[in-house]
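Participant: One file: run.txt (compact mmCIF, C-alpha atoms and all ligand atoms).
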# COMPACT_ATOMS: atom_id res chain seq x y z
CA SER A 1 -10.50 11.97 11.73
CA GLU A 2 -6.93 12.29 12.94
CA VAL A 3 -4.07 12.04 10.44
CA LEU A 4 -1.72 9.19 11.40
CA LEU A 5 0.77 9.22 8.53
CA GLU A 6 1.49 12.29 6.46
CA VAL A 7 3.82 11.87 3.51
CA THR A 8 4.92 15.00 1.68
CA GLY A 9 7.04 15.26 -1.47
CA LEU A 10 8.52 11.80 -0.99
CA THR A 11 11.12 11.20 -3.70
CA SER A 12 13.31 8.09 -3.92
CA GLU A 13 15.96 6.88 -6.32
CA LEU A 14 17.61 3.59 -7.19
CA GLY A 15 20.98 3.03 -8.83
CA ASP A 16 24.27 4.86 -8.71
CA ALA A 17 24.38 8.61 -8.31
CA THR A 18 25.38 9.29 -11.93
CA HIS A 19 22.44 7.31 -13.39
CA PRO A 20 19.78 7.45 -10.71
CA VAL A 21 16.30 6.15 -11.50
CA ARG A 22 13.58 8.11 -9.77
CA VAL A 23 11.19 5.37 -8.64
CA VAL A 24 9.07 7.54 -6.34
CA ASP A 25 8.46 11.11 -7.45
CA ALA A 26 7.07 13.77 -5.10
CA VAL A 27 4.47 11.49 -3.54
CA ASP A 28 1.97 13.01 -1.11
CA LEU A 29 -0.24 10.73 1.01
CA ARG A 30 -2.35 11.22 4.09
CA ILE A 31 -3.57 8.21 6.05
CA HIS A 32 -6.01 8.58 8.92
CA ARG A 33 -6.08 6.52 12.10
CA GLY A 34 -8.05 3.32 11.73
CA GLU A 35 -8.71 3.50 7.99
CA THR A 36 -7.82 1.24 5.09
CA PHE A 37 -5.96 3.25 2.50
CA VAL A 38 -5.21 1.52 -0.80
CA LEU A 39 -2.31 2.35 -3.09
CA LEU A 40 -3.45 1.11 -6.50
CA GLY A 41 -1.59 0.65 -9.77
CA GLU A 42 -0.03 -1.81 -12.19
CA SER A 43 3.29 -3.41 -11.32
CA GLY A 44 6.28 -1.20 -12.03
CA CYS A 45 4.46 1.96 -10.92
CA GLY A 46 6.53 2.45 -7.77
CA LYS A 47 4.02 1.18 -5.18
CA SER A 48 6.41 -1.19 -3.43
CA MET A 49 9.22 1.36 -3.58
CA THR A 50 6.92 3.87 -1.90
CA ALA A 51 6.18 1.38 0.90
CA LEU A 52 9.85 0.49 1.32
CA SER A 53 10.72 4.21 1.45
CA LEU A 54 8.19 4.72 4.26
CA MET A 55 9.75 1.84 6.22
CA ARG A 56 13.27 2.96 5.30
CA LEU A 57 13.85 -0.48 3.86
CA LEU A 58 14.90 0.41 0.30
CA PRO A 59 17.49 -1.94 -1.22
CA PRO A 60 21.14 -0.91 -0.71
CA SER A 61 21.24 0.77 -4.13
CA GLY A 62 18.33 3.04 -3.16
CA ARG A 63 17.83 6.19 -1.14
CA VAL A 64 15.17 8.73 -0.27
CA ARG A 65 16.14 12.03 -1.92
CA ALA A 66 13.53 14.40 -0.57
CA GLY A 67 10.33 14.73 1.39
CA SER A 68 9.04 13.91 4.84
CA VAL A 69 7.21 10.94 6.36
CA ARG A 70 5.46 12.00 9.54
CA LEU A 71 4.03 9.29 11.78
CA ALA A 72 1.84 11.12 14.33
CA GLY A 73 4.08 14.15 13.85
CA THR A 74 7.50 12.45 14.00
CA ASP A 75 9.49 12.63 10.75
CA LEU A 76 10.73 9.07 10.27
CA LEU A 77 13.32 10.21 7.74
CA ARG A 78 15.11 12.11 10.51
CA LEU A 79 15.34 9.26 13.01
CA THR A 80 18.58 7.40 13.61
CA GLU A 81 18.66 3.78 12.37
CA THR A 82 18.33 2.58 15.97
CA GLU A 83 15.24 4.73 16.53
CA MET A 84 13.81 3.60 13.20
CA ARG A 85 14.31 -0.05 14.10
CA ARG A 86 12.12 0.55 17.14
CA VAL A 87 9.39 2.07 14.95
CA ARG A 88 9.54 -0.79 12.45
CA GLY A 89 7.44 -3.66 13.67
CA GLY A 90 6.54 -1.50 16.66
CA ARG A 91 4.31 1.43 15.69
CA MET A 92 4.53 0.48 12.03
CA ALA A 93 4.86 -3.01 10.53
CA MET A 94 4.92 -4.46 7.02
CA ILE A 95 3.91 -7.74 5.41
CA PHE A 96 4.85 -8.87 1.91
CA GLN A 97 3.42 -10.78 -1.03
CA GLU A 98 5.44 -13.98 -0.54
CA PRO A 99 5.29 -14.98 3.13
CA GLN A 100 7.68 -17.89 2.60
CA THR A 101 10.54 -15.56 1.68
CA SER A 102 10.13 -13.69 4.98
CA LEU A 103 9.79 -16.78 7.18
CA ASN A 104 12.77 -18.74 8.42
CA PRO A 105 12.36 -22.29 7.03
CA VAL A 106 14.32 -23.96 9.85
CA MET A 107 12.55 -22.29 12.77
CA SER A 108 9.14 -23.30 14.14
CA VAL A 109 6.38 -20.75 13.62
CA GLY A 110 5.93 -20.45 17.39
CA ASP A 111 9.59 -19.53 17.82
CA GLN A 112 9.38 -16.97 15.00
CA ILE A 113 6.35 -15.27 16.49
CA ALA A 114 8.03 -15.43 19.93
CA GLU A 115 11.09 -13.71 18.51
CA ALA A 116 8.91 -10.89 17.15
CA VAL A 117 7.22 -10.55 20.56
CA ARG A 118 10.56 -10.51 22.40
CA ARG A 119 12.03 -7.92 20.03
CA HIS A 120 9.33 -5.43 20.89
CA GLU A 121 8.50 -6.24 24.44
CA GLY A 122 11.31 -8.21 26.01
CA ARG A 123 8.76 -9.99 28.20
CA ALA A 124 9.31 -12.78 30.67
CA ARG A 125 9.35 -16.25 29.09
CA ASP A 126 5.94 -17.46 30.31
CA ARG A 127 4.38 -14.16 29.27
CA ILE A 128 5.88 -14.52 25.76
CA ALA A 129 4.37 -18.00 25.33
CA ALA A 130 0.95 -16.66 26.31
CA ARG A 131 1.30 -13.72 23.92
CA VAL A 132 2.25 -16.05 21.03
CA ILE A 133 -0.92 -18.08 21.55
CA GLU A 134 -2.93 -14.87 21.86
CA LEU A 135 -1.54 -13.58 18.54
CA MET A 136 -2.15 -16.91 16.78
CA ASN A 137 -5.74 -16.83 18.00
CA ALA A 138 -6.10 -13.21 16.89
CA VAL A 139 -5.13 -14.10 13.30
CA GLY A 140 -7.35 -17.18 13.21
CA ILE A 141 -4.74 -19.95 13.24
CA PRO A 142 -6.66 -22.99 14.46
CA ASP A 143 -5.25 -25.13 17.27
CA PRO A 144 -2.30 -22.84 18.08
CA ALA A 145 -0.93 -25.08 20.86
CA ARG A 146 -0.19 -27.72 18.21
CA ARG A 147 0.69 -25.34 15.35
CA ILE A 148 3.33 -23.61 17.46
CA ALA A 149 5.76 -26.48 16.85
CA GLU A 150 5.21 -26.65 13.08
CA TYR A 151 7.61 -25.36 10.43
CA PRO A 152 6.68 -23.06 7.55
CA HIS A 153 6.69 -25.87 4.95
CA GLN A 154 3.94 -27.62 6.91
CA LEU A 155 1.60 -24.64 6.48
CA SER A 156 -0.54 -23.56 3.52
CA GLY A 157 0.09 -20.18 1.86
CA GLY A 158 -2.86 -18.64 3.70
CA MET A 159 -1.61 -19.94 7.09
CA LYS A 160 1.87 -18.62 6.37
CA GLN A 161 0.41 -15.18 5.66
CA ARG A 162 -1.48 -15.40 8.97
CA VAL A 163 1.81 -16.15 10.73
CA MET A 164 3.34 -13.05 9.07
CA ILE A 165 0.39 -10.96 10.23
CA ALA A 166 0.76 -12.35 13.77
CA MET A 167 4.44 -11.33 13.74
CA ALA A 168 3.53 -7.89 12.41
CA LEU A 169 0.98 -7.46 15.22
CA ALA A 170 3.48 -8.44 17.92
CA GLY A 171 4.45 -4.82 18.55
CA ASP A 172 0.85 -3.49 18.54
CA PRO A 173 1.34 -1.33 15.42
CA GLU A 174 -0.75 1.73 14.63
CA LEU A 175 -0.10 1.24 10.92
CA LEU A 176 0.24 -2.01 8.99
CA ILE A 177 1.63 -1.80 5.47
CA ALA A 178 0.57 -4.80 3.39
CA ASP A 179 2.23 -5.10 -0.03
CA GLU A 180 0.07 -7.32 -2.25
CA PRO A 181 -0.54 -9.63 0.74
CA THR A 182 -3.00 -11.84 -1.09
CA THR A 183 -1.66 -11.87 -4.65
CA ALA A 184 0.08 -15.24 -4.24
CA LEU A 185 -3.02 -16.85 -2.70
CA ASP A 186 -6.04 -18.41 -4.36
CA VAL A 187 -9.26 -16.42 -4.42
CA THR A 188 -11.05 -17.94 -1.41
CA ILE A 189 -7.97 -17.60 0.77
CA GLN A 190 -7.47 -14.04 -0.51
CA ALA A 191 -10.93 -13.14 0.70
CA GLN A 192 -10.28 -14.74 4.10
CA VAL A 193 -7.03 -12.82 4.61
CA LEU A 194 -8.66 -9.52 3.59
CA ARG A 195 -11.54 -10.23 5.97
CA LEU A 196 -9.02 -10.93 8.74
CA LEU A 197 -7.28 -7.58 8.15
CA LYS A 198 -10.65 -5.84 8.31
CA GLU A 199 -11.56 -7.61 11.57
CA LEU A 200 -8.23 -6.73 13.17
CA GLN A 201 -8.74 -3.15 12.11
CA VAL A 202 -12.17 -2.94 13.68
CA LYS A 203 -10.93 -4.62 16.89
CA THR A 204 -7.67 -2.72 17.35
CA GLY A 205 -8.14 0.58 15.51
CA LEU A 206 -5.19 -0.29 13.27
CA ALA A 207 -4.71 1.71 10.06
CA VAL A 208 -3.83 -0.36 6.99
CA LEU A 209 -1.96 0.80 3.91
CA LEU A 210 -2.83 -1.88 1.39
CA ILE A 211 -0.91 -2.07 -1.87
CA THR A 212 -2.62 -3.80 -4.76
CA HIS A 213 -3.05 -3.91 -8.52
CA ASP A 214 -6.54 -5.34 -8.04
CA LEU A 215 -9.48 -2.96 -8.24
CA GLY A 216 -11.68 -5.69 -6.76
CA VAL A 217 -9.63 -5.52 -3.55
CA VAL A 218 -10.22 -1.76 -3.47
CA ALA A 219 -13.98 -2.20 -3.68
CA GLU A 220 -13.95 -4.73 -0.84
CA THR A 221 -11.60 -3.01 1.58
CA ALA A 222 -10.67 0.62 0.95
CA ASP A 223 -11.96 3.71 2.72
CA ARG A 224 -9.80 5.90 0.51
CA LEU A 225 -7.23 5.28 -2.18
CA ALA A 226 -4.45 6.74 -4.26
CA VAL A 227 -3.73 5.70 -7.84
CA MET A 228 -0.07 5.54 -8.75
CA TYR A 229 1.36 5.71 -12.26
CA ALA A 230 5.03 5.81 -13.30
CA GLY A 231 6.26 6.90 -9.88
CA GLN A 232 3.61 9.56 -9.25
CA ILE A 233 0.22 9.78 -7.57
CA VAL A 234 -2.27 10.65 -10.33
CA GLU A 235 -5.51 10.53 -8.33
CA THR A 236 -6.67 10.30 -4.72
CA ALA A 237 -10.27 9.77 -3.70
CA THR A 238 -12.64 8.24 -1.22
CA THR A 239 -13.73 4.84 -2.47
CA ASP A 240 -17.28 6.10 -2.99
CA ALA A 241 -16.18 9.10 -5.05
CA PHE A 242 -13.79 6.93 -7.06
CA PHE A 243 -16.34 4.29 -8.03
CA ALA A 244 -18.95 6.95 -8.74
CA ALA A 245 -16.66 8.89 -11.09
CA PRO A 246 -12.95 8.13 -11.46
CA ALA A 247 -11.34 11.38 -12.63
CA HIS A 248 -8.01 10.39 -14.20
CA PRO A 249 -8.08 8.66 -17.62
CA TYR A 250 -5.80 5.93 -16.17
CA SER A 251 -8.29 5.33 -13.35
CA GLN A 252 -11.09 5.25 -15.92
CA ARG A 253 -9.26 2.61 -17.96
CA LEU A 254 -8.62 0.51 -14.86
CA MET A 255 -12.32 0.71 -14.10
CA GLU A 256 -13.35 -0.27 -17.65
CA SER A 257 -10.99 -3.22 -17.55
CA LEU A 258 -12.43 -4.57 -14.30
CA PRO A 259 -13.98 -7.84 -15.41
CA SER A 260 -17.08 -9.31 -13.80
CA ALA A 261 -16.55 -10.98 -10.44
CA GLU A 262 -16.33 -14.53 -11.75
CA LYS A 263 -13.97 -13.68 -14.60
CA ARG A 264 -11.80 -11.71 -12.24
CA GLN A 265 -10.55 -14.76 -10.35
CA GLY A 266 -6.80 -14.55 -10.15
CA ARG A 267 -6.43 -12.24 -13.11
CA LEU A 268 -4.83 -8.89 -13.50
CA ALA A 269 -6.78 -6.02 -14.95
CA VAL A 270 -5.18 -5.44 -18.33
CA ILE A 271 -5.23 -2.18 -20.20
CA PRO A 272 -3.50 -1.67 -23.55
CA GLY A 273 0.11 -0.52 -23.56
CA ARG A 274 2.47 -0.62 -20.62
CA VAL A 275 3.80 1.55 -17.84
CA PRO A 276 6.78 3.50 -19.22
CA PRO A 277 10.06 2.47 -17.62
CA LEU A 278 11.04 4.80 -14.82
CA THR A 279 14.33 5.44 -16.63
CA THR A 280 12.36 7.53 -19.18
CA ALA A 281 13.15 11.24 -19.35
CA PHE A 282 9.58 12.45 -18.84
CA HIS A 283 8.39 15.78 -20.21
CA GLY A 284 4.61 16.10 -20.11
CA CYS A 285 2.04 13.67 -18.73
CA ARG A 286 3.48 10.21 -18.09
CA PHE A 287 0.26 8.51 -19.24
CA VAL A 288 0.17 10.28 -22.62
CA ASP A 289 1.14 7.23 -24.73
CA ARG A 290 -1.81 5.24 -23.42
CA CYS A 291 -4.35 8.03 -23.07
CA ALA A 292 -7.29 8.16 -25.47
CA ARG A 293 -8.21 11.66 -24.28
CA ALA A 294 -4.85 13.40 -24.64
CA LEU A 295 -4.93 17.13 -25.38
CA THR A 296 -2.41 19.38 -27.13
CA PRO A 297 -0.41 20.29 -23.99
CA CYS A 298 -0.23 16.70 -22.68
CA PRO A 299 3.06 15.53 -24.29
CA GLU A 300 4.93 18.68 -23.26
CA GLN A 301 3.38 20.19 -20.15
CA VAL A 302 3.44 18.42 -16.82
CA PRO A 303 -0.11 18.37 -15.45
CA VAL A 304 -0.38 19.94 -11.99
CA TRP A 305 -2.28 18.52 -9.05
CA ARG A 306 -5.84 19.72 -8.60
CA ASP A 307 -8.24 19.10 -5.72
CA LEU A 308 -11.65 18.65 -7.33
CA THR A 309 -13.58 18.29 -4.07
CA ALA A 310 -12.65 17.57 -0.46
CA ASP A 311 -12.90 13.88 -1.43
CA GLN A 312 -11.03 13.73 -4.73
CA GLY A 313 -7.96 15.16 -6.45
CA VAL A 314 -6.27 14.50 -9.79
CA ARG A 315 -3.21 15.26 -11.88
CA CYS A 316 -4.49 15.70 -15.46
CA HIS A 317 -4.90 18.51 -18.00
CA LEU A 318 -8.54 17.54 -18.62
CA TRP A 319 -9.38 19.04 -15.26
CA SER A 320 -9.05 22.64 -16.21
CA ALA A 321 -10.32 25.26 -13.78
CA GLY A 322 -13.75 25.17 -15.46
CA ALA A 323 -14.16 21.39 -15.27
CA ALA A 324 -13.07 21.33 -11.63
CA GLU A 325 -15.63 23.96 -10.74
CA SER A 326 -18.47 22.12 -12.39
CA ILE A 327 -17.59 18.95 -10.42
CA ALA A 328 -17.48 20.92 -7.18
CA ARG A 329 -20.90 22.39 -7.99
CA GLY A 330 -22.27 18.90 -8.75
CA ALA A 331 -20.94 17.61 -5.42
CA ALA A 332 -22.42 20.59 -3.57
CA GLN A 333 -25.84 19.77 -5.02
CA ASP A 334 -25.95 16.16 -3.72
FE1 LIG A 401 -4.47 12.07 -20.69
FE2 LIG A 401 -3.52 14.52 -20.90
FE3 LIG A 401 -4.77 13.79 -18.69
FE4 LIG A 401 -2.37 12.84 -19.25
S1 LIG A 401 -2.88 14.96 -18.81
S2 LIG A 401 -4.09 11.68 -18.51
S3 LIG A 401 -2.47 12.62 -21.48
S4 LIG A 401 -5.66 13.95 -20.74
MG MG A 402 5.21 -4.39 -6.08
Would you mind writing the file out in structure tokens?
Ligand code: SF4
Ligand code: MG
Facilitator:
Amino acid sequence: SEVLLEVTGLTSELGDATHPVRVVDAVDLRIHRGETFVLLGESGCGKSMTALSLMRLLPPSGRVRAGSVRLAGTDLLRLTETEMRRVRGGRMAMIFQEPQTSLNPVMSVGDQIAEAVRRHEGRARDRIAARVIELMNAVGIPDPARRIAEYPHQLSGGMKQRVMIAMALAGDPELLIADEPTTALDVTIQAQVLRLLKELQVKTGLAVLLITHDLGVVAETADRLAVMYAGQIVETATTDAFFAAPAHPYSQRLMESLPSAEKRQGRLAVIPGRVPPLTTAFHGCRFVDRCARALTPCPEQVPVWRDLTADQGVRCHLWSAGAAESIARGAAQD
């Protein structure tokens, strides 16, 4: 299907120019229209920084150093700030982990959604009111005519996230970026919000870039995914290929650490060791300190990217030319 967002060589830094920290390092991503694409990894891997780079919303100490971000062919990194503001919340919108920090506590939810509608459409007043109700219905907020006058503190966490989604939908986006949208919510509400995103996607043809540390979320939602580690993409795959045979040792550890469904409630997958700080001067593979399968070249030689099949690629020395060929042969036989 058609490529909606094509990210090539995206590299971003934080901090002053003399001691920059490379938080996103040569990231390539390709997201198709209407799909759910998951960016998976532990916290501190650069997932949020990748999303903020795409939206051009890095903190003031940050900047994109290199790469391109093409939304249906237009390189967002070359737009003026005014043009970018039109894209943001228009063709492309983002929701965050903590809805309360993005909502204005002293403004009714109806007014906040109305403001989002006005920003993108500038409609007549009666039309705005109708659109607000329409959006509240679309995200499953019960009794919108009453809820419209309520303030954020009167809403549950799940309802607040629905308000954020309604605001994000105000400009009819083609791509919704959702950064850990359910992490702060309890498990039942998490499932409801994920189901809502899926429904909206089916109804509107929206593509979703979902950021999560939770492999369970991947299984429930993703069409394809990318695994991020220490600022780099280390594996991309269709969800089916990934669950059948994760290729990168980091992906394999994440998979092994996935507890059973009932134990998983609210917990992070934990694997021994931790993500190296992005201030590290990396030489070889960034996963080497935690990898049980490390080979002689791993500490010194940077592993190069390898496409194993049309559905899966990996950055790891284990996938020598010979290993990659045997996988491709296996796939051809299915
Ligand atoms: Fe492990 Fe080496 Fe592969 Fe890195 S390149 S994940 S250290 S086997
Ligand atoms: Mg994050």
Participant: Neighbouring residues of ligand LIG 401 (chain A) are defined here as those with any atom at most 8 Å from a ligand atom, counting only C-alpha atoms and all ligand atoms; list them as a list in words.
Facilitator: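 Listed by chain and ascending number, the contacts are His248, Pro249, Tyr250, Gly284, Cys285, Arg286, Phe287, Val288, Asp289, Arg290, Cys291, Ala292, Arg293, Ala294, Leu295, Thr296, Pro297, Cys298, Pro299, Val302, Pro303, Arg315, Cys316, His317, Leu318 and Trp319 of chain A.
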Participant: Using only C-alpha atoms, find the one residue out of A:Val139, A:Val234, A:Glu121, A:Val87 that sits nearest to Ala72 of chain A.
Facilitator: A:Val87
Participant: Atom CA of Arg85 of chain A to atom CA of Leu54 of chain A: how many Å, to one decimal?
Facilitator: 12.5 Å
Participant: Work out how far atom CA of Gly46 of chain A is from atom CA of Pro272 of chain A, in Å to one decimal.
Facilitator: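 We find that atom CA of Pro272 of chain A and atom CA of Gly46 of chain A lie 19.1 Å from each other.
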Participant: Which one of A:Ala116, A:Ala241, A:Ile141, A:Val109 sits closest to His153 of chain A if you count all atoms listed in the file?
Facilitator: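 Closest to His153 of chain A, using all atoms listed in the file: A:Val109.
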Participant: Out of A:Asp186, A:Glu81, A:Glu115, A:Glu42, which residue has the shortest atom-to-atom distance to ligand MG 402 (chain A) when counting all atoms listed in the file?
Facilitator: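 The closest residue to ligand MG 402 (chain A) is A:Glu42.
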Participant: Quick one: residues within 9 Å of ligand MG 402 (chain A), with only C-alpha atoms and all ligand atoms, as a count of residues only?
Facilitator: 14
Participant: May I ask which of the residues A:Gly9, A:Gly34, A:Gly73, A:Gly157 is the closest one to Gln201 of chain A, counting only C-alpha atoms?
Facilitator: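 For Gln201 of chain A, the nearest of the candidates is A:Gly34.
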Participant: Quote the spacing between atom CA of Leu14 of chain A and atom CA of Arg63 of chain A in Å to one decimal place.
Facilitator: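 Separating atom CA of Leu14 of chain A from atom CA of Arg63 of chain A is a distance of 6.6 Å.
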Participant: Could you pull the residues within 12 Å of segment 3-7 of chain A, counting all atoms listed in the file, minus those fewer than 4 positions along the same chain, as a PyMOL selection string?
Facilitator: chain A and resi 11+24-37+50-51+53-55+66-77+91-92+173-177+205-209+233
Participant: Would you list the contacts of Ala247 of chain A as number ranges by chain, taking every protein, DNA or RNA residue within 12 Å and counting all atoms listed in the file, but skipping same-chain residues closer than 2 positions in sequence?
Facilitator: A: 226-227, 234-238, 241-245, 249-255, 306-309, 311-319, 323-324, 327
Participant: Excluding Arg146 of chain A and residues on its chain fewer than 2 positions from it, collect all residues at most 12 Å away from it, counting all atoms listed in the file, and give them as a PyMOL selection string.
Facilitator: chain A and resi 108-110+133+136+141-144+148-151
Participant: At most 10 Å from (-9.3, -16.0, 1.0), file frame, all atoms listed in the file: which residues, as a ChimeraX atom specification?
Facilitator: /A:158,182,185-196
Participant: Keeping C-alpha atoms for every residue in the selection just given, could you write it to a file as a PDB file, in the coordinates of the input?
Facilitator:
ATOM      1  CA  GLY A 158      -2.860 -18.640   3.700  1.00  0.00           C
ATOM      2  CA  THR A 182      -3.000 -11.840  -1.090  1.00  0.00           C
ATOM      3  CA  LEU A 185      -3.020 -16.850  -2.700  1.00  0.00           C
ATOM      4  CA  ASP A 186      -6.040 -18.410  -4.360  1.00  0.00           C
ATOM      5  CA  VAL A 187      -9.260 -16.420  -4.420  1.00  0.00           C
ATOM      6  CA  THR A 188     -11.050 -17.940  -1.410  1.00  0.00           C
ATOM      7  CA  ILE A 189      -7.970 -17.600   0.770  1.00  0.00           C
ATOM      8  CA  GLN A 190      -7.470 -14.040  -0.510  1.00  0.00           C
ATOM      9  CA  ALA A 191     -10.930 -13.140   0.700  1.00  0.00           C
ATOM     10  CA  GLN A 192     -10.280 -14.740   4.100  1.00  0.00           C
ATOM     11  CA  VAL A 193      -7.030 -12.820   4.610  1.00  0.00           C
ATOM     12  CA  LEU A 194      -8.660  -9.520   3.590  1.00  0.00           C
ATOM     13  CA  ARG A 195     -11.540 -10.230   5.970  1.00  0.00           C
ATOM     14  CA  LEU A 196      -9.020 -10.930   8.740  1.00  0.00           C
TER      15      LEU A 196
END
Participant: Can you work out which one of A:Arg147, A:Ala230, A:Ala178, A:Asp172 has the shortest atom-to-atom distance to Pro277 of chain A, counting all atoms listed in the file?
Facilitator: A:Ala230
Participant: I'd like to know which of A:Leu278, A:Leu210, A:Ile165, A:Val23 is closest to Arg224 of chain A, using all atoms listed in the file.
Facilitator: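 Among the listed residues, A:Leu210 lies closest to Arg224 of chain A.
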